[in-house]
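Data from my_file-v5.cif: mmCIF, C-alpha atoms
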data_entry
loop_
_atom_site.label_atom_id
_atom_site.label_comp_id
_atom_site.auth_asym_id
_atom_site.auth_seq_id
_atom_site.Cartn_x
_atom_site.Cartn_y
_atom_site.Cartn_z
CA MET I 3 -17.35 235.71 -117.33
CA ALA I 4 -19.39 233.11 -115.47
CA HIS I 5 -20.54 229.99 -117.32
CA ARG I 6 -23.79 229.96 -115.34
CA ILE I 7 -25.81 232.45 -113.32
CA LEU I 8 -27.94 231.47 -110.34
CA ASN I 9 -30.46 234.13 -109.36
CA ALA I 10 -31.41 233.42 -105.74
CA SER I 11 -32.86 236.90 -105.18
CA GLY I 12 -35.84 236.93 -102.86
CA LEU I 13 -35.00 233.54 -101.33
CA ARG I 14 -34.45 233.36 -97.59
CA CYS I 15 -31.75 231.49 -95.72
CA PRO I 16 -30.81 228.68 -96.23
CA MET I 17 -32.19 228.45 -99.79
CA PRO I 18 -29.49 230.55 -101.57
CA LEU I 19 -26.78 228.30 -100.12
CA LEU I 20 -28.69 225.09 -100.90
CA LYS I 21 -29.36 226.16 -104.49
CA THR I 22 -25.69 227.14 -104.85
CA LYS I 23 -24.59 223.69 -103.68
CA LEU I 24 -27.02 221.95 -106.04
CA GLU I 25 -25.90 224.04 -109.01
CA LEU I 26 -22.20 223.42 -108.29
CA ASN I 27 -22.92 219.67 -108.15
CA THR I 28 -24.05 219.79 -111.80
CA MET I 29 -20.95 221.66 -113.02
CA VAL I 30 -17.51 220.45 -114.10
CA ALA I 31 -14.22 221.57 -112.59
CA GLY I 32 -13.10 224.95 -113.87
CA GLU I 33 -16.55 226.30 -114.71
CA GLN I 34 -17.63 229.48 -112.96
CA LEU I 35 -20.95 230.17 -111.29
CA GLU I 36 -22.25 233.64 -110.50
CA VAL I 37 -24.72 233.71 -107.61
CA ILE I 38 -27.00 236.67 -106.96
CA ALA I 39 -28.74 236.77 -103.59
CA THR I 40 -30.60 239.31 -101.46
CA ASP I 41 -30.59 237.45 -98.14
CA ALA I 42 -27.93 238.97 -95.84
CA GLY I 43 -27.10 235.51 -94.47
CA SER I 44 -25.66 234.63 -97.87
CA ALA I 45 -22.76 237.03 -97.27
CA ARG I 46 -21.68 234.75 -94.43
CA ASP I 47 -22.97 231.33 -95.50
CA ILE I 48 -21.69 231.06 -99.07
CA PRO I 49 -18.05 232.07 -98.37
CA ALA I 50 -18.00 229.80 -95.29
CA TYR I 51 -19.19 226.85 -97.38
CA ILE I 52 -16.66 227.56 -100.15
CA LYS I 53 -13.80 227.52 -97.62
CA LEU I 54 -14.79 223.99 -96.61
CA SER I 55 -15.22 222.73 -100.17
CA ALA I 56 -13.07 222.07 -103.23
CA HIS I 57 -14.49 225.20 -104.87
CA GLU I 58 -12.85 228.64 -105.01
CA LEU I 59 -14.47 232.00 -104.32
CA ILE I 60 -13.22 234.23 -107.14
CA SER I 61 -15.03 237.39 -106.06
CA HIS I 62 -17.85 238.67 -103.93
CA ALA I 63 -19.51 242.06 -103.66
CA GLU I 64 -22.46 243.74 -101.99
CA ASP I 65 -24.41 246.62 -103.44
CA ASN I 66 -27.65 247.96 -101.98
CA GLY I 67 -28.59 244.67 -100.36
CA GLU I 68 -27.68 242.55 -103.38
CA TYR I 69 -24.88 240.03 -102.90
CA ARG I 70 -22.92 238.66 -105.84
CA PHE I 71 -20.48 235.77 -105.72
CA VAL I 72 -18.38 234.27 -108.49
CA ILE I 73 -17.36 230.71 -107.66
CA LYS I 74 -14.96 228.47 -109.57
CA CYS I 75 -16.10 224.87 -109.44
CA GLY I 76 -13.48 222.56 -107.97
CA GLY I 77 -12.70 218.96 -108.85
#

Go ahead and render the structure in this file as structure tokens.
Amino acid sequence: MAHRILNASGLRCPMPLLKTKLELNTMVAGEQLEVIATDAGSARDIPAYIKLSAHELISHAEDNGEYRFVIKCGG
């Protein structure tokens, strides 16, 4: 279960990624963030960012144009 949910539905690239970064910056290590986005670029951008960060992508899924990511905040 995610500690926080970020609904970035309806936002266009790069806003879902930027809002994800901002939200993670306010969290402590170990907390989980669920991100919901509808911009197809998020399916590429968010996992690519997570790979370069201290955070961990726990899960991601796509259903009918809705993208969901669960991210564990790193230290």

Spell out the residues picked by the PyMOL selection byres ((chain I and resi 64-74) around 7) here, as a PDB file with C-alpha atoms, in the coordinates of the input.
ATOM      1  CA  GLY I  32     -13.100 224.950-113.870  1.00  0.00           C
ATOM      2  CA  GLU I  33     -16.550 226.300-114.710  1.00  0.00           C
ATOM      3  CA  GLN I  34     -17.630 229.480-112.960  1.00  0.00           C
ATOM      4  CA  LEU I  35     -20.950 230.170-111.290  1.00  0.00           C
ATOM      5  CA  GLU I  36     -22.250 233.640-110.500  1.00  0.00           C
ATOM      6  CA  VAL I  37     -24.720 233.710-107.610  1.00  0.00           C
ATOM      7  CA  ILE I  38     -27.000 236.670-106.960  1.00  0.00           C
ATOM      8  CA  ALA I  39     -28.740 236.770-103.590  1.00  0.00           C
ATOM      9  CA  THR I  40     -30.600 239.310-101.460  1.00  0.00           C
ATOM     10  CA  ALA I  45     -22.760 237.030 -97.270  1.00  0.00           C
ATOM     11  CA  HIS I  57     -14.490 225.200-104.870  1.00  0.00           C
ATOM     12  CA  GLU I  58     -12.850 228.640-105.010  1.00  0.00           C
ATOM     13  CA  LEU I  59     -14.470 232.000-104.320  1.00  0.00           C
ATOM     14  CA  ILE I  60     -13.220 234.230-107.140  1.00  0.00           C
ATOM     15  CA  SER I  61     -15.030 237.390-106.060  1.00  0.00           C
ATOM     16  CA  HIS I  62     -17.850 238.670-103.930  1.00  0.00           C
ATOM     17  CA  ALA I  63     -19.510 242.060-103.660  1.00  0.00           C
ATOM     18  CA  CYS I  75     -16.100 224.870-109.440  1.00  0.00           C
ATOM     19  CA  GLY I  76     -13.480 222.560-107.970  1.00  0.00           C
TER      20      GLY I  76
END

Which centre and edge lengths in Å to one decimal define the box along x, y and z that fits every listed atom of range 44-62 of chain I plus 5 Å per side, as lines of an AutoDock Vina configuration file?
center_x = -19.3
center_y = 230.4
center_z = -100.8
size_x = 22.8
size_y = 26.6
size_z = 22.7

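Neighbours of Tyr51 in chain I closer than or equal to 10 Å, with all atoms listed in the file counted and sequence neighbours fewer than 4 positions away skipped, come out as Leu19, Thr22, Lys23, Arg46, Asp47, Ser55, Ala56, His57 and Leu59 of chain I.
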
#### Entry: Point-to-point distance from CA of His5 in chain I to CA of Ile52 in chain I, Å rounded to tenths
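We find that CA of His5 in chain I and CA of Ile52 in chain I lie 17.8 Å from each other.
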
### Task
Would you kindly return, as a PyMOL selection string, each protein, DNA or RNA residue with an atom no farther than 9 Å from any atom of Lys21 in chain I, considering only C-alpha atoms and excluding same-chain residues fewer than 4 positions away?
chain I and resi 8+10+16-17+25-26

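Here the question is which of I:Thr28, I:Ala50, I:Gly77, I:Asp41 gets nearest to Cys15 in chain I using all atoms listed in the file, and that residue is I:Asp41.
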
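Each of I:Leu54, I:Ala42, I:Met29, I:Leu24 was checked against Gly12 in chain I using only C-alpha atoms; the smallest atom-to-atom distance is that of I:Ala42.
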
### Query
With distances taken over all atoms listed in the file, which of I:Gly43, I:Arg6, I:Ile48, I:Ser11 is nearest to Val30 in chain I?
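With all atoms listed in the file as the atom set, the closest residue is I:Arg6.
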